[in-house]
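Below is the file query05.pdb, which contains PDB, C-alpha atoms and all ligand atoms.
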ATOM      1  CA  MET J 174     -39.844  40.946 -71.766
ATOM      2  CA  ARG J 175     -41.959  38.217 -73.415
ATOM      3  CA  TYR J 176     -40.659  35.566 -75.800
ATOM      4  CA  PRO J 177     -41.175  36.670 -79.426
ATOM      5  CA  THR J 178     -43.940  35.010 -81.477
ATOM      6  CA  THR J 179     -41.346  32.960 -83.352
ATOM      7  CA  PHE J 180     -37.801  32.397 -82.200
ATOM      8  CA  GLY J 181     -34.825  30.041 -82.278
ATOM      9  CA  ALA J 182     -34.190  27.711 -79.324
ATOM     10  CA  VAL J 183     -31.463  25.188 -78.505
ATOM     11  CA  VAL J 184     -31.827  22.368 -75.961
ATOM     12  CA  THR J 185     -28.989  20.100 -74.803
ATOM     13  CA  GLY J 186     -29.709  16.614 -73.468
ATOM     14  CA  ALA J 187     -32.991  16.681 -75.396
ATOM     15  CA  GLY J 188     -33.115  12.928 -76.017
ATOM     16  CA  SER J 189     -34.999  12.189 -72.797
ATOM     17  CA  GLY J 190     -36.779  13.510 -69.714
ATOM     18  CA  LEU J 191     -36.702  17.224 -69.027
ATOM     19  CA  GLY J 192     -34.758  18.119 -72.193
ATOM     20  CA  ARG J 193     -37.388  16.490 -74.378
ATOM     21  CA  ALA J 194     -40.167  18.214 -72.399
ATOM     22  CA  LEU J 195     -38.430  21.598 -72.773
ATOM     23  CA  ALA J 196     -38.104  21.097 -76.538
ATOM     24  CA  LEU J 197     -41.801  20.194 -76.870
ATOM     25  CA  ASP J 198     -42.889  23.152 -74.755
ATOM     26  CA  LEU J 199     -40.634  25.565 -76.652
ATOM     27  CA  ALA J 200     -42.061  24.356 -79.968
ATOM     28  CA  ALA J 201     -45.590  24.898 -78.627
ATOM     29  CA  ARG J 202     -44.550  28.479 -77.794
ATOM     30  CA  GLY J 203     -43.501  29.097 -81.416
ATOM     31  CA  ALA J 204     -39.829  28.097 -81.411
ATOM     32  CA  ARG J 205     -37.763  26.657 -84.231
ATOM     33  CA  VAL J 206     -35.893  24.087 -82.181
ATOM     34  CA  LEU J 207     -32.400  22.640 -82.467
ATOM     35  CA  VAL J 208     -32.202  19.589 -80.211
ATOM     36  CA  SER J 209     -28.970  17.802 -79.279
ATOM     37  CA  ASP J 210     -27.827  14.854 -77.187
ATOM     38  CA  ILE J 211     -25.140  12.156 -77.021
ATOM     39  CA  ASP J 212     -27.815   9.461 -77.368
ATOM     40  CA  PRO J 213     -28.824   9.214 -81.072
ATOM     41  CA  ASP J 214     -31.866   6.988 -80.426
ATOM     42  CA  GLY J 215     -33.370   9.260 -77.784
ATOM     43  CA  LEU J 216     -32.670  12.265 -79.978
ATOM     44  CA  ALA J 217     -34.398  10.651 -82.979
ATOM     45  CA  GLU J 218     -37.456   9.940 -80.791
ATOM     46  CA  THR J 219     -37.608  13.580 -79.700
ATOM     47  CA  VAL J 220     -37.311  14.742 -83.307
ATOM     48  CA  GLY J 221     -40.182  12.403 -84.249
ATOM     49  CA  LEU J 222     -42.392  13.783 -81.470
ATOM     50  CA  LEU J 223     -41.674  17.379 -82.475
ATOM     51  CA  ALA J 224     -42.177  16.718 -86.183
ATOM     52  CA  ALA J 225     -45.483  14.957 -85.455
ATOM     53  CA  ARG J 226     -46.663  18.200 -83.845
ATOM     54  CA  GLY J 227     -45.703  20.204 -86.911
ATOM     55  CA  ALA J 228     -42.720  21.910 -85.268
ATOM     56  CA  GLU J 229     -39.690  23.123 -87.187
ATOM     57  CA  VAL J 230     -37.021  20.875 -85.685
ATOM     58  CA  HIS J 231     -33.335  20.267 -86.377
ATOM     59  CA  SER J 232     -30.991  17.955 -84.508
ATOM     60  CA  THR J 233     -27.298  17.384 -84.046
ATOM     61  CA  PRO J 234     -25.194  15.208 -81.756
ATOM     62  CA  CYS J 235     -23.412  17.145 -79.005
ATOM     63  CA  ASP J 236     -21.420  15.999 -75.988
ATOM     64  CA  VAL J 237     -21.654  19.021 -73.696
ATOM     65  CA  ALA J 238     -18.480  17.950 -71.879
ATOM     66  CA  LYS J 239     -16.513  18.797 -75.044
ATOM     67  CA  TRP J 240     -15.920  22.483 -75.841
ATOM     68  CA  GLU J 241     -15.465  21.750 -79.546
ATOM     69  CA  ASP J 242     -18.864  19.992 -79.647
ATOM     70  CA  VAL J 243     -20.599  22.953 -78.007
ATOM     71  CA  GLN J 244     -18.895  25.400 -80.364
ATOM     72  CA  ALA J 245     -20.082  23.226 -83.271
ATOM     73  CA  LEU J 246     -23.587  23.284 -81.764
ATOM     74  CA  ALA J 247     -23.567  27.095 -81.861
ATOM     75  CA  ARG J 248     -22.426  27.048 -85.513
ATOM     76  CA  THR J 249     -25.124  24.504 -86.434
ATOM     77  CA  ALA J 250     -27.709  26.702 -84.737
ATOM     78  CA  GLU J 251     -26.702  29.705 -86.874
ATOM     79  CA  GLU J 252     -27.035  27.569 -90.024
ATOM     80  CA  THR J 253     -30.355  25.923 -89.172
ATOM     81  CA  ILE J 254     -32.563  27.981 -86.859
ATOM     82  CA  GLY J 255     -30.738  31.329 -87.127
ATOM     83  CA  PRO J 256     -30.203  33.580 -84.099
ATOM     84  CA  VAL J 257     -30.707  31.719 -80.841
ATOM     85  CA  ASP J 258     -33.043  33.498 -78.442
ATOM     86  CA  VAL J 259     -33.481  30.673 -75.921
ATOM     87  CA  LEU J 260     -30.797  28.256 -74.751
ATOM     88  CA  CYS J 261     -31.575  25.438 -72.327
ATOM     89  CA  ASN J 262     -28.379  24.037 -70.787
ATOM     90  CA  ASN J 263     -30.158  20.895 -69.658
ATOM     91  CA  ALA J 264     -27.917  17.850 -70.258
ATOM     92  CA  GLY J 265     -27.010  16.206 -66.977
ATOM     93  CA  VAL J 266     -26.090  13.031 -65.140
ATOM     94  CA  ALA J 267     -26.020  12.000 -61.482
ATOM     95  CA  VAL J 268     -23.449  10.404 -59.190
ATOM     96  CA  GLY J 269     -24.331   9.120 -55.705
ATOM     97  CA  GLY J 270     -22.355   7.759 -52.758
ATOM     98  CA  THR J 271     -20.211   9.116 -49.938
ATOM     99  CA  PHE J 272     -17.288  11.362 -50.867
ATOM    100  CA  GLU J 273     -14.786   8.669 -49.851
ATOM    101  CA  ASP J 274     -16.481   5.938 -51.865
ATOM    102  CA  VAL J 275     -17.011   7.861 -55.115
ATOM    103  CA  SER J 276     -14.054   7.484 -57.496
ATOM    104  CA  LEU J 277     -12.284  10.532 -58.847
ATOM    105  CA  GLU J 278     -13.201   9.306 -62.326
ATOM    106  CA  ASP J 279     -16.947   9.391 -61.566
ATOM    107  CA  PHE J 280     -16.588  12.733 -59.771
ATOM    108  CA  ARG J 281     -14.858  14.241 -62.817
ATOM    109  CA  TRP J 282     -17.438  12.690 -65.207
ATOM    110  CA  CYS J 283     -20.243  14.435 -63.310
ATOM    111  CA  VAL J 284     -18.522  17.827 -63.073
ATOM    112  CA  GLU J 285     -17.501  17.766 -66.730
ATOM    113  CA  ILE J 286     -21.064  17.202 -67.924
ATOM    114  CA  ASP J 287     -23.152  18.981 -65.279
ATOM    115  CA  LEU J 288     -20.947  22.033 -64.673
ATOM    116  CA  TRP J 289     -18.518  22.371 -67.594
ATOM    117  CA  GLY J 290     -21.371  21.588 -70.006
ATOM    118  CA  VAL J 291     -23.247  24.627 -68.708
ATOM    119  CA  ILE J 292     -20.113  26.812 -68.704
ATOM    120  CA  TYR J 293     -19.457  25.867 -72.346
ATOM    121  CA  GLY J 294     -23.076  26.536 -73.325
ATOM    122  CA  CYS J 295     -23.025  29.993 -71.731
ATOM    123  CA  LYS J 296     -19.633  30.801 -73.268
ATOM    124  CA  ALA J 297     -20.739  29.765 -76.767
ATOM    125  CA  PHE J 298     -24.167  31.422 -76.909
ATOM    126  CA  LEU J 299     -24.200  34.458 -74.592
ATOM    127  CA  PRO J 300     -22.001  36.815 -76.681
ATOM    128  CA  GLY J 301     -24.417  36.586 -79.650
ATOM    129  CA  MET J 302     -27.384  37.235 -77.381
ATOM    130  CA  ARG J 303     -25.690  40.287 -75.892
ATOM    131  CA  GLU J 304     -24.893  41.624 -79.386
ATOM    132  CA  ARG J 305     -28.526  41.235 -80.426
ATOM    133  CA  GLY J 306     -29.736  42.697 -77.118
ATOM    134  CA  ARG J 307     -32.070  39.751 -76.532
ATOM    135  CA  GLY J 308     -31.857  36.250 -75.062
ATOM    136  CA  TRP J 309     -32.943  33.830 -72.360
ATOM    137  CA  VAL J 310     -30.681  31.125 -70.882
ATOM    138  CA  LEU J 311     -32.158  28.412 -68.689
ATOM    139  CA  ASN J 312     -29.421  26.642 -66.746
ATOM    140  CA  VAL J 313     -30.810  23.392 -65.379
ATOM    141  CA  ALA J 314     -29.382  23.024 -61.881
ATOM    142  CA  SER J 315     -31.245  21.139 -59.145
ATOM    143  CA  ALA J 316     -32.416  21.658 -55.578
ATOM    144  CA  ALA J 317     -29.108  19.864 -54.847
ATOM    145  CA  GLY J 318     -27.392  23.056 -55.992
ATOM    146  CA  LEU J 319     -29.118  24.978 -53.199
ATOM    147  CA  LEU J 320     -29.032  22.360 -50.438
ATOM    148  CA  SER J 321     -25.803  20.274 -50.616
ATOM    149  CA  ALA J 322     -27.128  17.174 -48.844
ATOM    150  CA  PRO J 323     -24.749  14.284 -47.995
ATOM    151  CA  GLU J 324     -23.825  11.399 -50.307
ATOM    152  CA  MET J 325     -24.109  13.480 -53.471
ATOM    153  CA  ALA J 326     -20.869  15.510 -53.422
ATOM    154  CA  ALA J 327     -20.098  15.368 -57.159
ATOM    155  CA  TYR J 328     -23.666  16.293 -58.104
ATOM    156  CA  ASN J 329     -23.874  19.000 -55.401
ATOM    157  CA  VAL J 330     -20.566  20.592 -56.431
ATOM    158  CA  SER J 331     -21.642  20.641 -60.081
ATOM    159  CA  LYS J 332     -25.118  22.006 -59.449
ATOM    160  CA  THR J 333     -23.963  24.554 -56.855
ATOM    161  CA  GLY J 334     -21.494  25.697 -59.513
ATOM    162  CA  VAL J 335     -24.350  26.067 -61.984
ATOM    163  CA  VAL J 336     -26.311  28.171 -59.481
ATOM    164  CA  SER J 337     -23.249  30.319 -58.770
ATOM    165  CA  LEU J 338     -22.487  30.830 -62.476
ATOM    166  CA  THR J 339     -26.131  31.770 -63.083
ATOM    167  CA  GLU J 340     -26.162  34.288 -60.221
ATOM    168  CA  THR J 341     -22.951  35.832 -61.553
ATOM    169  CA  LEU J 342     -24.273  36.079 -65.115
ATOM    170  CA  TYR J 343     -27.658  37.397 -63.950
ATOM    171  CA  ALA J 344     -25.896  40.502 -62.600
ATOM    172  CA  GLU J 345     -23.299  40.765 -65.383
ATOM    173  CA  TYR J 346     -26.011  40.764 -68.080
ATOM    174  CA  ALA J 347     -28.487  43.012 -66.246
ATOM    175  CA  GLY J 348     -29.750  45.735 -68.566
ATOM    176  CA  THR J 349     -28.516  43.980 -71.737
ATOM    177  CA  GLY J 350     -31.813  42.290 -72.622
ATOM    178  CA  VAL J 351     -30.332  38.885 -71.735
ATOM    179  CA  LYS J 352     -31.881  36.897 -68.882
ATOM    180  CA  VAL J 353     -30.231  33.961 -67.131
ATOM    181  CA  SER J 354     -32.118  31.658 -64.731
ATOM    182  CA  ALA J 355     -31.278  28.568 -62.669
ATOM    183  CA  LEU J 356     -33.941  25.851 -62.566
ATOM    184  CA  CYS J 357     -33.786  23.940 -59.273
ATOM    185  CA  PRO J 358     -36.269  21.054 -59.043
ATOM    186  CA  THR J 359     -36.279  18.192 -56.531
ATOM    187  CA  PHE J 360     -37.057  14.644 -57.777
ATOM    188  CA  PHE J 361     -39.366  14.020 -60.765
ATOM    189  CA  PRO J 362     -39.589  10.929 -62.995
ATOM    190  CA  THR J 363     -37.060  10.667 -65.861
ATOM    191  CA  LYS J 364     -34.349   8.208 -66.907
ATOM    192  CA  ILE J 365     -31.602   9.887 -64.865
ATOM    193  CA  LEU J 366     -31.228   6.917 -62.472
ATOM    194  CA  ASP J 367     -30.472   4.595 -65.429
ATOM    195  CA  SER J 368     -27.206   6.398 -66.164
ATOM    196  CA  MET J 369     -26.374   7.183 -62.526
ATOM    197  CA  ARG J 370     -22.877   6.212 -61.382
ATOM    198  CA  GLY J 371     -21.307   5.664 -57.978
ATOM    199  CA  PRO J 372     -21.371   3.123 -55.154
ATOM    200  CA  ILE J 373     -25.088   3.329 -54.441
ATOM    201  CA  ASP J 374     -26.901   0.166 -53.415
ATOM    202  CA  GLY J 375     -30.180  -1.169 -54.761
ATOM    203  CA  ARG J 376     -32.089   0.158 -51.746
ATOM    204  CA  ALA J 377     -30.947   3.739 -52.325
ATOM    205  CA  GLN J 378     -31.827   3.373 -56.022
ATOM    206  CA  ARG J 379     -35.307   2.101 -55.153
ATOM    207  CA  THR J 380     -35.869   4.942 -52.675
ATOM    208  CA  ALA J 381     -34.811   7.529 -55.244
ATOM    209  CA  ARG J 382     -37.134   5.902 -57.795
ATOM    210  CA  LYS J 383     -39.992   6.012 -55.248
ATOM    211  CA  LEU J 384     -39.375   9.724 -54.605
ATOM    212  CA  MET J 385     -39.399  10.387 -58.340
ATOM    213  CA  ASP J 386     -42.582   8.430 -58.882
ATOM    214  CA  ARG J 387     -44.415  10.180 -56.083
ATOM    215  CA  SER J 388     -43.515  13.633 -57.421
ATOM    216  CA  ALA J 389     -46.627  15.750 -57.954
ATOM    217  CA  LEU J 390     -44.949  17.315 -61.003
ATOM    218  CA  SER J 391     -43.924  15.650 -64.270
ATOM    219  CA  ALA J 392     -41.074  16.618 -66.598
ATOM    220  CA  ALA J 393     -43.654  18.501 -68.693
ATOM    221  CA  ASP J 394     -44.751  20.496 -65.615
ATOM    222  CA  ILE J 395     -41.141  21.332 -64.718
ATOM    223  CA  ALA J 396     -40.468  22.412 -68.311
ATOM    224  CA  ARG J 397     -43.513  24.695 -68.333
ATOM    225  CA  LEU J 398     -42.701  26.251 -64.954
ATOM    226  CA  GLY J 399     -39.039  26.622 -65.960
ATOM    227  CA  LEU J 400     -39.844  28.390 -69.228
ATOM    228  CA  ASP J 401     -42.475  30.582 -67.538
ATOM    229  CA  GLY J 402     -39.949  31.581 -64.840
ATOM    230  CA  LEU J 403     -37.255  32.216 -67.445
ATOM    231  CA  GLU J 404     -39.563  34.486 -69.444
ATOM    232  CA  LYS J 405     -40.324  36.464 -66.264
ATOM    233  CA  GLY J 406     -36.601  36.804 -65.547
ATOM    234  CA  GLU J 407     -36.667  34.844 -62.266
ATOM    235  CA  LEU J 408     -33.146  34.127 -61.024
ATOM    236  CA  HIS J 409     -33.910  30.953 -59.032
ATOM    237  CA  ILE J 410     -36.807  28.852 -60.295
ATOM    238  CA  VAL J 411     -37.716  26.393 -57.539
ATOM    239  CA  PRO J 412     -40.835  24.614 -58.778
ATOM    240  CA  MET J 413     -41.531  22.098 -55.995
ATOM    241  CA  ARG J 414     -42.958  22.776 -52.559
ATOM    242  CA  ASP J 415     -40.510  20.476 -50.764
ATOM    243  CA  GLY J 416     -37.605  22.275 -52.466
ATOM    244  CA  LYS J 417     -38.998  25.698 -51.506
ATOM    245  CA  LEU J 418     -39.406  24.622 -47.860
ATOM    246  CA  MET J 419     -35.954  23.044 -47.544
ATOM    247  CA  TRP J 420     -34.291  26.048 -49.185
ATOM    248  CA  LEU J 421     -36.131  28.390 -46.807
ATOM    249  CA  PHE J 422     -35.055  26.278 -43.816
ATOM    250  CA  LYS J 423     -31.438  26.347 -45.052
ATOM    251  CA  ARG J 424     -31.422  30.117 -45.583
ATOM    252  CA  LEU J 425     -32.966  30.760 -42.152
ATOM    253  CA  ARG J 426     -30.909  28.229 -40.153
ATOM    254  CA  PRO J 427     -27.997  27.011 -42.303
ATOM    255  CA  GLN J 428     -26.157  25.038 -39.652
ATOM    256  CA  ALA J 429     -29.320  23.506 -38.153
ATOM    257  CA  PHE J 430     -30.281  22.438 -41.678
ATOM    258  CA  HIS J 431     -27.011  20.564 -42.167
ATOM    259  CA  ASP J 432     -27.219  19.126 -38.613
ATOM    260  CA  ALA J 433     -30.580  17.644 -39.623
ATOM    261  CA  LEU J 434     -28.851  15.832 -42.477
ATOM    262  CA  GLY J 435     -25.935  14.593 -40.346
ATOM    263  CA  PRO J 436     -24.991  11.116 -39.049
ATOM    264  CA  GLY J 437     -28.004   8.997 -38.178
ATOM    265  CA  ARG J 438     -30.227  11.115 -40.405
ATOM    266  CA  ARG J 439     -27.940  11.217 -43.405
ATOM    267  CA  GLY J 440     -28.823  11.865 -46.994
ATOM    268  CA  LEU J 441     -31.249  14.069 -48.848
ATOM    269  CA  ILE J 442     -33.197  10.940 -49.701
ATOM    270  CA  ARG J 443     -33.723  10.048 -46.040
ATOM    271  CA  PHE J 444     -34.491  13.691 -45.284
ATOM    272  CA  LEU J 445     -37.206  13.738 -47.919
ATOM    273  CA  LYS J 446     -38.771  10.369 -46.969
TER     274      LYS J 446
HETATM  275  N1  LIG J 501     -35.000  13.910 -62.726
HETATM  276  C1  LIG J 501     -34.782  14.574 -61.604
HETATM  277  O1  LIG J 501     -35.258  14.186 -60.518
HETATM  278  C2  LIG J 501     -33.947  15.839 -61.631
HETATM  279  C3  LIG J 501     -33.972  16.670 -60.510
HETATM  280  C4  LIG J 501     -33.235  17.848 -60.529
HETATM  281  C5  LIG J 501     -32.506  18.200 -61.648
HETATM  282  N2  LIG J 501     -32.497  17.373 -62.727
HETATM  283  C6  LIG J 501     -31.684  17.779 -63.890
HETATM  284  O2  LIG J 501     -32.461  17.742 -65.071
HETATM  285  C7  LIG J 501     -31.586  17.615 -66.195
HETATM  286  C8  LIG J 501     -32.152  16.589 -67.159
HETATM  287  O3  LIG J 501     -32.090  15.318 -66.553
HETATM  288  P1  LIG J 501     -33.288  14.254 -66.651
HETATM  289  O4  LIG J 501     -33.779  14.061 -65.267
HETATM  290  O5  LIG J 501     -34.229  14.621 -67.713
HETATM  291  O6  LIG J 501     -32.448  12.929 -67.007
HETATM  292  P2  LIG J 501     -32.465  11.977 -68.282
HETATM  293  O7  LIG J 501     -31.386  10.972 -68.016
HETATM  294  O8  LIG J 501     -33.828  11.469 -68.569
HETATM  295  O9  LIG J 501     -32.016  12.966 -69.460
HETATM  296  C9  LIG J 501     -30.712  13.478 -69.540
HETATM  297  C10 LIG J 501     -30.287  13.561 -71.003
HETATM  298  O10 LIG J 501     -28.965  14.111 -71.038
HETATM  299  C11 LIG J 501     -28.209  13.367 -71.992
HETATM  300  N3  LIG J 501     -26.774  13.458 -71.701
HETATM  301  C12 LIG J 501     -26.057  12.805 -70.753
HETATM  302  N4  LIG J 501     -24.757  13.131 -70.851
HETATM  303  C13 LIG J 501     -24.649  14.021 -71.872
HETATM  304  C14 LIG J 501     -23.576  14.733 -72.459
HETATM  305  N5  LIG J 501     -22.308  14.556 -72.035
HETATM  306  N6  LIG J 501     -23.827  15.569 -73.486
HETATM  307  C15 LIG J 501     -25.097  15.715 -73.958
HETATM  308  N7  LIG J 501     -26.166  15.054 -73.460
HETATM  309  C16 LIG J 501     -25.942  14.227 -72.423
HETATM  310  C17 LIG J 501     -28.716  11.929 -71.870
HETATM  311  O11 LIG J 501     -28.403  11.159 -73.020
HETATM  312  C18 LIG J 501     -30.210  12.177 -71.678
HETATM  313  O12 LIG J 501     -30.902  12.196 -72.920
HETATM  314  C19 LIG J 501     -30.213  17.260 -65.624
HETATM  315  O13 LIG J 501     -29.377  18.388 -65.643
HETATM  316  C20 LIG J 501     -30.532  16.839 -64.205
HETATM  317  O14 LIG J 501     -29.441  17.021 -63.327
HETATM  318  C21 LIG J 501     -33.202  16.210 -62.752
END
Step by step, read the file and then write its structure as structure tokens.
Ligand SMILES: NC(=O)c1ccc[n+]([C@@H]2O[C@H](COP(=O)([O-])OP(=O)(O)OC[C@H]3O[C@@H](n4cnc5c(N)ncnc54)[C@H](O)[C@@H]3O)[C@@H](O)[C@H]2O)c1
Amino acid sequence: MRYPTTFGAVVTGAGSGLGRALALDLAARGARVLVSDIDPDGLAETVGLLAARGAEVHSTPCDVAKWEDVQALARTAEETIGPVDVLCNNAGVAVGGTFEDVSLEDFRWCVEIDLWGVIYGCKAFLPGMRERGRGWVLNVASAAGLLSAPEMAAYNVSKTGVVSLTETLYAEYAGTGVKVSALCPTFFPTKILDSMRGPIDGRAQRTARKLMDRSALSAADIARLGLDGLEKGELHIVPMRDGKLMWLFKRLRPQAFHDALGPGRRGLIRFLK
């Protein structure tokens, strides 16, 4: 089923990076967009960009880690853009470092935003979509949610949870007109490293930045491929070649894959270098 000519769309974490790119792409596809974020300045910039392109745009603050905020987001959507056909559960943060070195506080921070934020979004918006017999939900996971490389436990657990939730919902909503997809990119340039928490040293930060900068795909490319895949009803959208290859390797030889990431060759970052 194709997206309608005009439709309502909600994007979380739309004040930067992929969320902003998703909002711009959705508007170009005919959406009335409700954008949200915890960062008011980033959100205002996104609104300005959308308005400059003539899009119908509304905005509201929303911390996806808070159920009451996400419920309020759904109410605001009803009042501003009307029925929501497309929801992008995009807001996310990263935590790096070995399991022992990452504090429980940082671990919880990551899971509450990256996993609970997506659970809340699905809980708040899916019933209306089912009632109307139409909807598309893009859950932004990561290749980390398919690969579980070392030194990223909090992020891996959150994103694997997002993939698992998406797979569950994909089957539960089959035949209802509602599609649910998990978007699983590897590195691409955004501001995610600026808010990253955990005991990661400057070298690891620089390497991650280098991997982002050398990505062949931009946030705009990932947004386009994500929304194209969502429209086609793809369950796992894995836009990058390196992600496709690593996921294939893991599915074919799961233990050998994790051996390749083990002591001496540790870390997804080192694996990708
Ligand atoms: N950049 C990458 O390499 C990469 C790779 C794979 C997956 N992702 C995923 O893409 C998504 C978007 O990240 P990005 O790379 O654009 O990063 P980004 O930091 O540029 O954007 C993330 C946005 O989320 C917002 N945010 C953070 N906590 C929030 C909360 N509690 N409630 C609402 N908004 C919140 C931030 O203010 C920011 O505007 C994330 O889910 C991330 O895990 C990114």
Can I get the residues of stretch 400-438 of chain J within 12 Å of stretch 369-388 of chain J, each with the closest pair of atoms and their distance in Å to one decimal, using all atoms listed in the file, sorted chain first then ascending number, as JSON lines?
{"residue": "J:Pro412", "atom": "CA", "partner": "J:Ser388", "partner_atom": "CA", "distance": 11.4}
{"residue": "J:Met413", "atom": "CA", "partner": "J:Ser388", "partner_atom": "CA", "distance": 8.8}
{"residue": "J:Arg414", "atom": "CA", "partner": "J:Ser388", "partner_atom": "CA", "distance": 10.4}
{"residue": "J:Asp415", "atom": "CA", "partner": "J:Ser388", "partner_atom": "CA", "distance": 10.0}
{"residue": "J:Gly416", "atom": "CA", "partner": "J:Ser388", "partner_atom": "CA", "distance": 11.6}
Could you save those same residues with C-alpha atoms as a short mmCIF file (atom, residue, chain, number, x, y, z; two decimals), in the coordinates of the input?
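Below you can see result-v6.cif, which holds the result:
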data_model
loop_
_atom_site.label_atom_id
_atom_site.label_comp_id
_atom_site.auth_asym_id
_atom_site.auth_seq_id
_atom_site.Cartn_x
_atom_site.Cartn_y
_atom_site.Cartn_z
CA PRO J 412 -40.84 24.61 -58.78
CA MET J 413 -41.53 22.10 -56.00
CA ARG J 414 -42.96 22.78 -52.56
CA ASP J 415 -40.51 20.48 -50.76
CA GLY J 416 -37.60 22.28 -52.47
#
Report the residues retrieved by the PyMOL selection byres (((not hetatm)) within 8 of (chain J and resi 501)) from the displayed file, expressed as a CSV table (one decimal) with C-alpha atoms, in the frame of the given file.
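part10.csv, freshly written:
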chain,number,residue,atom,x,y,z
J,185,THR,CA,-29.0,20.1,-74.8
J,186,GLY,CA,-29.7,16.6,-73.5
J,187,ALA,CA,-33.0,16.7,-75.4
J,188,GLY,CA,-33.1,12.9,-76.0
J,189,SER,CA,-35.0,12.2,-72.8
J,190,GLY,CA,-36.8,13.5,-69.7
J,191,LEU,CA,-36.7,17.2,-69.0
J,192,GLY,CA,-34.8,18.1,-72.2
J,193,ARG,CA,-37.4,16.5,-74.4
J,209,SER,CA,-29.0,17.8,-79.3
J,210,ASP,CA,-27.8,14.9,-77.2
J,211,ILE,CA,-25.1,12.2,-77.0
J,212,ASP,CA,-27.8,9.5,-77.4
J,215,GLY,CA,-33.4,9.3,-77.8
J,216,LEU,CA,-32.7,12.3,-80.0
J,234,PRO,CA,-25.2,15.2,-81.8
J,235,CYS,CA,-23.4,17.1,-79.0
J,236,ASP,CA,-21.4,16.0,-76.0
J,237,VAL,CA,-21.7,19.0,-73.7
J,238,ALA,CA,-18.5,18.0,-71.9
J,239,LYS,CA,-16.5,18.8,-75.0
J,262,ASN,CA,-28.4,24.0,-70.8
J,263,ASN,CA,-30.2,20.9,-69.7
J,264,ALA,CA,-27.9,17.8,-70.3
J,265,GLY,CA,-27.0,16.2,-67.0
J,266,VAL,CA,-26.1,13.0,-65.1
J,267,ALA,CA,-26.0,12.0,-61.5
J,285,GLU,CA,-17.5,17.8,-66.7
J,286,ILE,CA,-21.1,17.2,-67.9
J,287,ASP,CA,-23.2,19.0,-65.3
J,290,GLY,CA,-21.4,21.6,-70.0
J,313,VAL,CA,-30.8,23.4,-65.4
J,314,ALA,CA,-29.4,23.0,-61.9
J,315,SER,CA,-31.2,21.1,-59.1
J,316,ALA,CA,-32.4,21.7,-55.6
J,317,ALA,CA,-29.1,19.9,-54.8
J,328,TYR,CA,-23.7,16.3,-58.1
J,332,LYS,CA,-25.1,22.0,-59.4
J,356,LEU,CA,-33.9,25.9,-62.6
J,357,CYS,CA,-33.8,23.9,-59.3
J,358,PRO,CA,-36.3,21.1,-59.0
J,359,THR,CA,-36.3,18.2,-56.5
J,360,PHE,CA,-37.1,14.6,-57.8
J,361,PHE,CA,-39.4,14.0,-60.8
J,362,PRO,CA,-39.6,10.9,-63.0
J,363,THR,CA,-37.1,10.7,-65.9
J,364,LYS,CA,-34.3,8.2,-66.9
J,365,ILE,CA,-31.6,9.9,-64.9
J,366,LEU,CA,-31.2,6.9,-62.5
J,367,ASP,CA,-30.5,4.6,-65.4
J,368,SER,CA,-27.2,6.4,-66.2
J,385,MET,CA,-39.4,10.4,-58.3
J,392,ALA,CA,-41.1,16.6,-66.6
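The nearest approach to J:Cys295 among the residues J:Ala347, J:Val330, J:Val353, J:Lys423, with only C-alpha atoms taken into account, belongs to J:Val353.
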Practice item. Excluding J:Leu299 and residues on its chain fewer than 2 positions from it, collect all residues at most 12 Å away from it, counting all atoms listed in the file, and give them as a ChimeraX atom specification. Key: /J:244,247,256-262,291-297,301-311,339,342-343,345-346,349-353
Using the chain letters and numbers from this file, what does the PyMOL selection byres (((chain J and resi 222) around 12) and not hetatm) select? Give the answer as a tab-separated table (two decimals) with C-alpha atoms, keeping the file's coordinate frame.
chain	number	residue	atom	x	y	z
J	187	ALA	CA	-32.99	16.68	-75.40
J	188	GLY	CA	-33.12	12.93	-76.02
J	189	SER	CA	-35.00	12.19	-72.80
J	193	ARG	CA	-37.39	16.49	-74.38
J	194	ALA	CA	-40.17	18.21	-72.40
J	196	ALA	CA	-38.10	21.10	-76.54
J	197	LEU	CA	-41.80	20.19	-76.87
J	198	ASP	CA	-42.89	23.15	-74.76
J	200	ALA	CA	-42.06	24.36	-79.97
J	201	ALA	CA	-45.59	24.90	-78.63
J	208	VAL	CA	-32.20	19.59	-80.21
J	215	GLY	CA	-33.37	9.26	-77.78
J	216	LEU	CA	-32.67	12.26	-79.98
J	217	ALA	CA	-34.40	10.65	-82.98
J	218	GLU	CA	-37.46	9.94	-80.79
J	219	THR	CA	-37.61	13.58	-79.70
J	220	VAL	CA	-37.31	14.74	-83.31
J	221	GLY	CA	-40.18	12.40	-84.25
J	223	LEU	CA	-41.67	17.38	-82.48
J	224	ALA	CA	-42.18	16.72	-86.18
J	225	ALA	CA	-45.48	14.96	-85.46
J	226	ARG	CA	-46.66	18.20	-83.84
J	227	GLY	CA	-45.70	20.20	-86.91
J	228	ALA	CA	-42.72	21.91	-85.27
J	229	GLU	CA	-39.69	23.12	-87.19
J	230	VAL	CA	-37.02	20.88	-85.68
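Using only C-alpha atoms, the smallest distance between any of J:Arg397, J:Arg281, J:His409, J:His431 and J:Glu340 comes from J:His409.
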Exercise for review: Report the distance between atom CA of J:Lys405 and atom CA of J:Arg426 in Å, rounded to one decimal place.
Suggested key: 29.0 Å
Enclosing box along x, y and z for every listed atom of stretch 298-312 of chain J, padded 6 Å each side, centre and size in Å, one decimal, as lines of an AutoDock Vina configuration file:
center_x = -27.5
center_y = 34.7
center_z = -73.6
size_x = 22.9
size_y = 28.1
size_z = 25.7
Exercise for review: Write out as a ChimeraX atom specification which residues come within 8 Å of J:Thr179 when counting only C-alpha atoms, dropping same-chain ones fewer than 6 positions away.
Suggested key: /J:202-205
